[in-house]
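Text of coords-v2.cif, listed as mmCIF, C-alpha atoms:
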data_input
loop_
_atom_site.label_atom_id
_atom_site.label_comp_id
_atom_site.auth_asym_id
_atom_site.auth_seq_id
_atom_site.Cartn_x
_atom_site.Cartn_y
_atom_site.Cartn_z
CA MET A 777 -55.08 -31.08 -137.44
CA ALA A 778 -58.78 -30.33 -137.08
CA HIS A 779 -61.03 -33.20 -138.12
CA SER A 780 -64.35 -31.59 -137.28
CA ILE A 781 -65.57 -28.08 -137.96
CA LEU A 782 -68.50 -26.20 -136.47
CA PHE A 783 -69.69 -22.94 -138.05
CA VAL A 784 -71.61 -20.61 -135.73
CA CYS A 785 -73.97 -17.70 -136.47
CA THR A 786 -77.16 -16.39 -134.89
CA GLY A 787 -80.13 -18.42 -136.13
CA ASN A 788 -78.44 -21.26 -138.04
CA VAL A 789 -80.64 -20.57 -141.07
CA PHE A 790 -78.34 -18.35 -143.13
CA ARG A 791 -74.59 -17.82 -142.70
CA SER A 792 -73.40 -20.82 -140.66
CA MET A 793 -75.76 -23.13 -142.52
CA ALA A 794 -74.51 -21.81 -145.88
CA ALA A 795 -70.91 -22.39 -144.74
CA GLU A 796 -71.73 -25.94 -143.63
CA TYR A 797 -73.39 -26.81 -146.94
CA ALA A 798 -70.75 -25.05 -149.05
CA LEU A 799 -67.89 -26.87 -147.32
CA ARG A 800 -69.61 -30.25 -147.49
CA ALA A 801 -70.35 -29.76 -151.19
CA GLN A 802 -66.75 -28.86 -151.99
CA LEU A 803 -64.91 -31.43 -149.90
CA ASP A 804 -63.21 -34.19 -151.82
CA ARG A 805 -61.78 -37.52 -150.73
CA ARG A 806 -58.50 -35.96 -149.60
CA PHE A 807 -60.31 -34.33 -146.70
CA SER A 808 -62.18 -36.22 -144.01
CA TYR A 809 -63.84 -33.46 -142.02
CA ARG A 810 -67.10 -33.70 -140.11
CA VAL A 811 -68.87 -30.41 -140.78
CA GLU A 812 -71.69 -28.97 -138.68
CA SER A 813 -73.35 -25.65 -137.93
CA ALA A 814 -75.29 -24.09 -135.08
CA GLY A 815 -76.73 -20.78 -133.96
CA ILE A 816 -76.42 -18.93 -130.67
CA GLU A 817 -80.15 -18.14 -130.80
CA ALA A 818 -81.38 -20.90 -133.11
CA LYS A 819 -85.11 -21.40 -133.06
CA ALA A 820 -87.41 -23.66 -135.04
CA ASN A 821 -87.28 -21.37 -138.07
CA SER A 822 -87.59 -22.45 -141.65
CA ILE A 823 -85.02 -21.45 -144.21
CA HIS A 824 -86.07 -18.39 -146.19
CA PRO A 825 -86.85 -19.28 -149.82
CA VAL A 826 -84.18 -16.86 -151.11
CA ILE A 827 -81.50 -18.71 -149.12
CA SER A 828 -82.79 -22.14 -150.07
CA LYS A 829 -83.03 -21.22 -153.76
CA ARG A 830 -79.48 -19.84 -153.86
CA LEU A 831 -78.04 -22.96 -152.20
CA ILE A 832 -79.95 -25.17 -154.64
CA GLN A 833 -78.51 -23.09 -157.50
CA LYS A 834 -75.08 -23.86 -156.06
CA GLY A 835 -75.83 -27.59 -156.19
CA THR A 836 -76.80 -28.42 -152.63
CA ASP A 837 -80.23 -29.00 -151.12
CA PRO A 838 -80.77 -27.55 -147.62
CA SER A 839 -84.39 -28.75 -147.32
CA ALA A 840 -83.50 -31.30 -144.61
CA HIS A 841 -81.67 -28.71 -142.48
CA VAL A 842 -82.93 -28.31 -138.94
CA PRO A 843 -81.60 -25.24 -137.07
CA ARG A 844 -79.61 -26.16 -133.97
CA ARG A 845 -78.74 -24.11 -130.92
CA LEU A 846 -75.09 -23.96 -129.93
CA THR A 847 -74.44 -26.20 -126.93
CA LYS A 848 -71.44 -27.31 -124.91
CA LYS A 849 -71.88 -30.78 -126.41
CA LEU A 850 -71.50 -29.34 -129.94
CA ILE A 851 -68.50 -27.29 -128.85
CA ASP A 852 -66.85 -30.30 -127.21
CA ARG A 853 -67.27 -32.63 -130.17
CA ASN A 854 -65.71 -30.27 -132.72
CA ASP A 855 -62.03 -29.52 -133.12
CA LEU A 856 -62.42 -26.16 -134.82
CA ILE A 857 -65.22 -23.71 -134.17
CA ILE A 858 -65.52 -20.88 -136.70
CA ALA A 859 -67.64 -17.81 -135.95
CA MET A 860 -69.37 -15.95 -138.74
CA GLY A 861 -69.54 -12.62 -136.87
CA LEU A 862 -67.87 -10.71 -134.06
CA GLY A 863 -70.86 -11.16 -131.73
CA HIS A 864 -70.75 -14.92 -132.24
CA ARG A 865 -67.05 -15.01 -131.39
CA GLU A 866 -67.70 -12.91 -128.30
CA PHE A 867 -70.61 -15.17 -127.23
CA ILE A 868 -68.45 -18.29 -127.57
CA HIS A 869 -65.72 -16.67 -125.52
CA LYS A 870 -68.10 -15.61 -122.73
CA GLN A 871 -70.18 -18.80 -122.63
CA PHE A 872 -67.51 -21.43 -123.29
CA GLY A 873 -64.19 -19.71 -122.57
CA LEU A 874 -62.89 -20.27 -126.10
CA ASN A 875 -61.23 -17.88 -128.49
CA VAL A 876 -62.30 -18.81 -132.01
CA PRO A 877 -61.49 -17.39 -135.43
CA LEU A 878 -63.89 -15.72 -137.83
CA PHE A 879 -64.79 -17.33 -141.17
CA ASN A 880 -62.90 -14.65 -143.13
CA GLU A 881 -59.96 -14.98 -140.75
CA VAL A 882 -59.60 -18.68 -141.52
CA SER A 883 -60.24 -18.17 -145.24
CA PHE A 884 -58.23 -15.02 -145.95
CA GLY A 885 -56.42 -13.93 -142.80
CA LYS A 886 -58.80 -10.98 -142.45
CA GLU A 887 -60.53 -10.30 -139.17
CA THR A 888 -63.75 -9.17 -140.82
CA PRO A 889 -67.19 -10.53 -139.97
CA ILE A 890 -69.83 -11.74 -142.39
CA LEU A 891 -72.72 -9.46 -141.52
CA ASP A 892 -76.30 -10.62 -141.14
CA LEU A 893 -78.92 -8.93 -143.31
CA HIS A 894 -80.14 -6.57 -140.58
CA GLU A 895 -76.54 -5.58 -139.74
CA ALA A 896 -75.64 -4.75 -143.33
CA LEU A 897 -78.99 -3.21 -144.26
CA PRO A 898 -80.84 -1.96 -141.15
CA ASP A 899 -83.84 -0.90 -143.28
CA TRP A 900 -83.75 -3.99 -145.48
CA GLU A 901 -87.56 -4.25 -145.54
CA ARG A 902 -87.76 -1.01 -147.56
CA ASP A 903 -85.97 -2.54 -150.53
CA ILE A 904 -86.61 -6.27 -150.88
CA ASP A 905 -84.57 -6.48 -154.10
CA GLU A 906 -81.53 -5.02 -152.34
CA ALA A 907 -82.06 -7.41 -149.41
CA ARG A 908 -82.28 -10.40 -151.77
CA ALA A 909 -79.12 -9.28 -153.58
CA TYR A 910 -77.28 -8.96 -150.27
CA VAL A 911 -78.33 -12.42 -149.07
CA GLU A 912 -77.30 -13.95 -152.40
CA SER A 913 -73.95 -12.12 -152.30
CA VAL A 914 -73.23 -13.49 -148.82
CA ILE A 915 -73.96 -17.04 -149.94
CA ASP A 916 -71.78 -16.47 -153.03
CA HIS A 917 -68.96 -15.11 -150.86
CA ILE A 918 -69.12 -18.08 -148.51
CA TRP A 919 -69.26 -20.56 -151.40
CA GLU A 920 -66.36 -18.94 -153.26
CA SER A 921 -64.28 -18.75 -150.04
CA VAL A 922 -64.29 -22.50 -149.38
CA PRO A 923 -61.17 -23.29 -151.48
CA ALA A 924 -59.20 -20.66 -149.53
CA LEU A 925 -60.62 -21.96 -146.25
CA LEU A 926 -59.57 -25.52 -147.14
CA ALA A 927 -56.08 -24.35 -148.09
CA ARG A 928 -55.60 -22.58 -144.76
CA LEU A 929 -57.26 -25.18 -142.48
CA PRO A 930 -53.96 -26.93 -141.63
CA HIS A 931 -52.88 -23.71 -139.87
CA PHE A 932 -55.89 -23.88 -137.57
CA GLN A 933 -55.33 -26.92 -135.40
CA GLY A 934 -58.29 -26.41 -133.09
CA SER A 935 -60.21 -23.84 -131.11
CA ARG A 936 -58.63 -24.26 -127.73
CA ARG A 937 -55.65 -21.94 -128.17
CA PRO A 938 -55.24 -18.36 -126.98
CA MET A 939 -56.33 -15.71 -129.48
CA LYS A 940 -52.73 -14.44 -129.79
CA GLN A 941 -51.80 -17.70 -131.50
CA TRP A 942 -54.56 -17.31 -134.09
CA ARG A 943 -53.02 -14.07 -135.19
CA LEU A 944 -49.71 -15.80 -135.93
CA PHE A 945 -51.40 -17.60 -138.80
CA THR A 946 -53.25 -14.65 -140.26
CA ARG A 947 -50.38 -12.45 -141.32
#
Would you mind writing the structure in this file as structure tokens?
Amino acid sequence: MAHSILFVCTGNVFRSMAAEYALRAQLDRRFSYRVESAGIEAKANSIHPVISKRLIQKGTDPSAHVPRRLTKKLIDRNDLIIAMGLGHREFIHKQFGLNVPLFNEVSFGKETPILDLHEALPDWERDIDEARAYVESVIDHIWESVPALLARLPHFQGSRRPMKQWRLFTR
């Protein structure tokens, strides 16, 4: 069984960070997971106020979060690596030789990515209200998916298995 989980996205200031904080907030004593997050291009960015506000509304405070870049050391110290998007999964495969599941694959058995703002709304700057609503909906989706993710975690023993074996657990 996986005892440590690493969520991976691009900048580690939105999707993977939200997954880390959502899972930590919803874990109870029955589960003893170490939960982390990282980004494939993480830079010293601050968390956008819309993201921070939504996580605070959910009951968790991300103000101490420091974005981290995905490294071999992080990969090696975690049993289960979960990608938020297809590009993240592809990056992990190319850089580290691992086949990892997507967040929605672990949670619901669906091989669908959680899109970043610019992927879902290429012209997001034209409608800030729509962009805010999208960001909030992603955080809500991640938060509401945690019970399903926890229920299915026993099927995902670790990240070092061939991709064919992941599919056995998603049908």
Write out as an NGL selection string each polymer residue whose atoms come within 9 Å of region 808-825 of chain A, counting only C-alpha atoms; drop sequence neighbours fewer than 2 positions from it. :A and (778-790 or 792-797 or 799-800 or 803-806 or 827-830 or 838-839 or 841-847 or 850 or 854 or 864 or 867-868)
Would you compute the distance between CA of Glu901 (chain A) and CA of Ile858 (chain A)? Give it in Å to one decimal.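 Computing the Euclidean distance for CA of Glu901 (chain A) and CA of Ile858 (chain A) yields 29.0 Å.
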The PyMOL selection byres ((chain A and resi 887) around 10) resolved against shown file, as a PyMOL selection string: chain A and resi 861-862+877-886+888-890+943+946
Taking 4 positions as the minimum chain separation for residues in the same chain, which residues sit within 9 Å of Ala798 (chain A) when counting all atoms listed in the file? Answer as a list in words. Met793, Ala794, Gln802, Leu803, Leu831, Lys834, Thr836, Ile915, Ile918, Trp919, Glu920 and Val922 of chain A
To one decimal in Å, tell me the separation between CA of Leu893 (chain A) and CA of Gln871 (chain A).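 Taking CA of Leu893 (chain A) as the start and CA of Gln871 (chain A) as the end point, the length is 24.5 Å.
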With distances taken over all atoms listed in the file, which residue among A:Asp855, A:Glu866, A:Asp892, A:Asp899 lies nearest Glu912 (chain A)? A:Asp892
From CA of His917 (chain A) to CA of Asp837 (chain A) the spacing works out at 17.9 Å
Select, from A:Pro930, A:Arg902, A:Ile857, A:Lys849, the residue with the minimum atom-to-atom distance to His869 (chain A), counting only C-alpha atoms. A:Ile857
In terms of the shortest atom-to-atom distance over only C-alpha atoms, which of A:Leu856, A:Asp916, A:Gly863, A:Leu874 is closest to Phe932 (chain A)?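 So, comparing all the options, the nearest one is A:Leu856.
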Residue with smallest distance to Ala907 (chain A) - pool A:Ile832, A:Val826, A:Ala840, A:Ala927, counting only C-alpha atoms: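 The shortest atom-to-atom distance to Ala907 (chain A) comes from A:Val826.
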Please enclose the listed atoms of region 837-851 of chain A in an axis-aligned box, pad each side by 5 Å, and write out the centre and the three edge lengths in Å, rounded to one decimal, as JSON.
{"center_x": -76.4, "center_y": -27.6, "center_z": -138.0, "size_x": 25.9, "size_y": 17.3, "size_z": 36.2}
For region 830-864 of chain A, where the input has fewer atoms than it should, I would like N, CA and C atoms rebuilt and written as an mmCIF file, keeping the file's coordinate frame.
data_model
loop_
_atom_site.group_PDB
_atom_site.id
_atom_site.type_symbol
_atom_site.label_atom_id
_atom_site.label_comp_id
_atom_site.auth_asym_id
_atom_site.auth_seq_id
_atom_site.Cartn_x
_atom_site.Cartn_y
_atom_site.Cartn_z
ATOM 1 N N ARG A 830 -80.870 -20.114 -153.483
ATOM 2 C CA ARG A 830 -79.480 -19.840 -153.860
ATOM 3 C C ARG A 830 -78.597 -21.069 -153.605
ATOM 4 N N LEU A 831 -78.825 -21.755 -152.486
ATOM 5 C CA LEU A 831 -78.040 -22.960 -152.200
ATOM 6 C C LEU A 831 -78.342 -24.066 -153.208
ATOM 7 N N ILE A 832 -79.597 -24.179 -153.608
ATOM 8 C CA ILE A 832 -79.950 -25.170 -154.640
ATOM 9 C C ILE A 832 -79.278 -24.823 -155.957
ATOM 10 N N GLN A 833 -79.219 -23.522 -156.286
ATOM 11 C CA GLN A 833 -78.510 -23.090 -157.500
ATOM 12 C C GLN A 833 -77.034 -23.467 -157.445
ATOM 13 N N LYS A 834 -76.492 -23.504 -156.243
ATOM 14 C CA LYS A 834 -75.080 -23.860 -156.060
ATOM 15 C C LYS A 834 -74.864 -25.377 -156.115
ATOM 16 N N GLY A 835 -75.960 -26.137 -156.076
ATOM 17 C CA GLY A 835 -75.830 -27.590 -156.190
ATOM 18 C C GLY A 835 -76.018 -28.362 -154.910
ATOM 19 N N THR A 836 -76.557 -27.730 -153.887
ATOM 20 C CA THR A 836 -76.800 -28.420 -152.630
ATOM 21 C C THR A 836 -78.238 -28.160 -152.178
ATOM 22 N N ASP A 837 -78.834 -29.120 -151.526
ATOM 23 C CA ASP A 837 -80.230 -29.000 -151.120
ATOM 24 C C ASP A 837 -80.334 -28.908 -149.595
ATOM 25 N N PRO A 838 -80.685 -27.723 -149.067
ATOM 26 C CA PRO A 838 -80.770 -27.550 -147.620
ATOM 27 C C PRO A 838 -82.135 -27.904 -147.025
ATOM 28 N N SER A 839 -83.013 -28.539 -147.789
ATOM 29 C CA SER A 839 -84.390 -28.750 -147.320
ATOM 30 C C SER A 839 -84.461 -29.626 -146.064
ATOM 31 N N ALA A 840 -83.478 -30.458 -145.816
ATOM 32 C CA ALA A 840 -83.500 -31.300 -144.610
ATOM 33 C C ALA A 840 -82.862 -30.617 -143.399
ATOM 34 N N HIS A 841 -82.362 -29.405 -143.581
ATOM 35 C CA HIS A 841 -81.670 -28.710 -142.480
ATOM 36 C C HIS A 841 -82.626 -28.362 -141.350
ATOM 37 N N VAL A 842 -82.192 -28.664 -140.145
ATOM 38 C CA VAL A 842 -82.930 -28.310 -138.940
ATOM 39 C C VAL A 842 -82.024 -27.405 -138.112
ATOM 40 N N PRO A 843 -82.442 -26.152 -137.854
ATOM 41 C CA PRO A 843 -81.600 -25.240 -137.070
ATOM 42 C C PRO A 843 -81.302 -25.823 -135.686
ATOM 43 N N ARG A 844 -80.031 -25.674 -135.275
ATOM 44 C CA ARG A 844 -79.610 -26.160 -133.970
ATOM 45 C C ARG A 844 -79.031 -25.027 -133.153
ATOM 46 N N ARG A 845 -79.305 -25.081 -131.865
ATOM 47 C CA ARG A 845 -78.740 -24.110 -130.920
ATOM 48 C C ARG A 845 -77.353 -24.593 -130.509
ATOM 49 N N LEU A 846 -76.435 -23.656 -130.375
ATOM 50 C CA LEU A 846 -75.090 -23.960 -129.930
ATOM 51 C C LEU A 846 -75.117 -24.455 -128.490
ATOM 52 N N THR A 847 -74.492 -25.602 -128.261
ATOM 53 C CA THR A 847 -74.440 -26.200 -126.930
ATOM 54 C C THR A 847 -73.000 -26.579 -126.596
ATOM 55 N N LYS A 848 -72.759 -26.840 -125.332
ATOM 56 C CA LYS A 848 -71.440 -27.310 -124.910
ATOM 57 C C LYS A 848 -71.106 -28.636 -125.587
ATOM 58 N N LYS A 849 -72.102 -29.492 -125.745
ATOM 59 C CA LYS A 849 -71.880 -30.780 -126.410
ATOM 60 C C LYS A 849 -71.370 -30.570 -127.839
ATOM 61 N N LEU A 850 -71.975 -29.637 -128.581
ATOM 62 C CA LEU A 850 -71.500 -29.340 -129.940
ATOM 63 C C LEU A 850 -70.087 -28.766 -129.913
ATOM 64 N N ILE A 851 -69.845 -27.873 -128.978
ATOM 65 C CA ILE A 851 -68.500 -27.290 -128.850
ATOM 66 C C ILE A 851 -67.484 -28.392 -128.574
ATOM 67 N N ASP A 852 -67.800 -29.266 -127.629
ATOM 68 C CA ASP A 852 -66.850 -30.300 -127.210
ATOM 69 C C ASP A 852 -66.561 -31.330 -128.292
ATOM 70 N N ARG A 853 -67.506 -31.584 -129.175
ATOM 71 C CA ARG A 853 -67.270 -32.630 -130.170
ATOM 72 C C ARG A 853 -66.653 -32.117 -131.468
ATOM 73 N N ASN A 854 -66.339 -30.835 -131.521
ATOM 74 C CA ASN A 854 -65.710 -30.270 -132.720
ATOM 75 C C ASN A 854 -64.332 -29.725 -132.390
ATOM 76 N N ASP A 855 -63.404 -29.978 -133.307
ATOM 77 C CA ASP A 855 -62.030 -29.520 -133.120
ATOM 78 C C ASP A 855 -61.871 -28.033 -133.395
ATOM 79 N N LEU A 856 -62.560 -27.554 -134.408
ATOM 80 C CA LEU A 856 -62.420 -26.160 -134.820
ATOM 81 C C LEU A 856 -63.793 -25.524 -134.895
ATOM 82 N N ILE A 857 -63.975 -24.473 -134.136
ATOM 83 C CA ILE A 857 -65.220 -23.710 -134.170
ATOM 84 C C ILE A 857 -64.901 -22.407 -134.899
ATOM 85 N N ILE A 858 -65.731 -22.069 -135.887
ATOM 86 C CA ILE A 858 -65.520 -20.880 -136.700
ATOM 87 C C ILE A 858 -66.753 -19.987 -136.568
ATOM 88 N N ALA A 859 -66.553 -18.776 -136.116
ATOM 89 C CA ALA A 859 -67.640 -17.810 -135.950
ATOM 90 C C ALA A 859 -67.841 -17.024 -137.242
ATOM 91 N N MET A 860 -69.080 -16.729 -137.546
ATOM 92 C CA MET A 860 -69.370 -15.950 -138.740
ATOM 93 C C MET A 860 -69.290 -14.443 -138.457
ATOM 94 N N GLY A 861 -69.550 -14.039 -137.219
ATOM 95 C CA GLY A 861 -69.540 -12.620 -136.870
ATOM 96 C C GLY A 861 -68.842 -12.361 -135.553
ATOM 97 N N LEU A 862 -68.560 -11.097 -135.288
ATOM 98 C CA LEU A 862 -67.870 -10.710 -134.060
ATOM 99 C C LEU A 862 -68.684 -11.055 -132.812
ATOM 100 N N GLY A 863 -70.001 -10.839 -132.866
ATOM 101 C CA GLY A 863 -70.860 -11.160 -131.730
ATOM 102 C C GLY A 863 -70.876 -12.649 -131.421
ATOM 103 N N HIS A 864 -70.782 -13.468 -132.441
ATOM 104 C CA HIS A 864 -70.750 -14.920 -132.240
ATOM 105 C C HIS A 864 -69.455 -15.322 -131.550
#
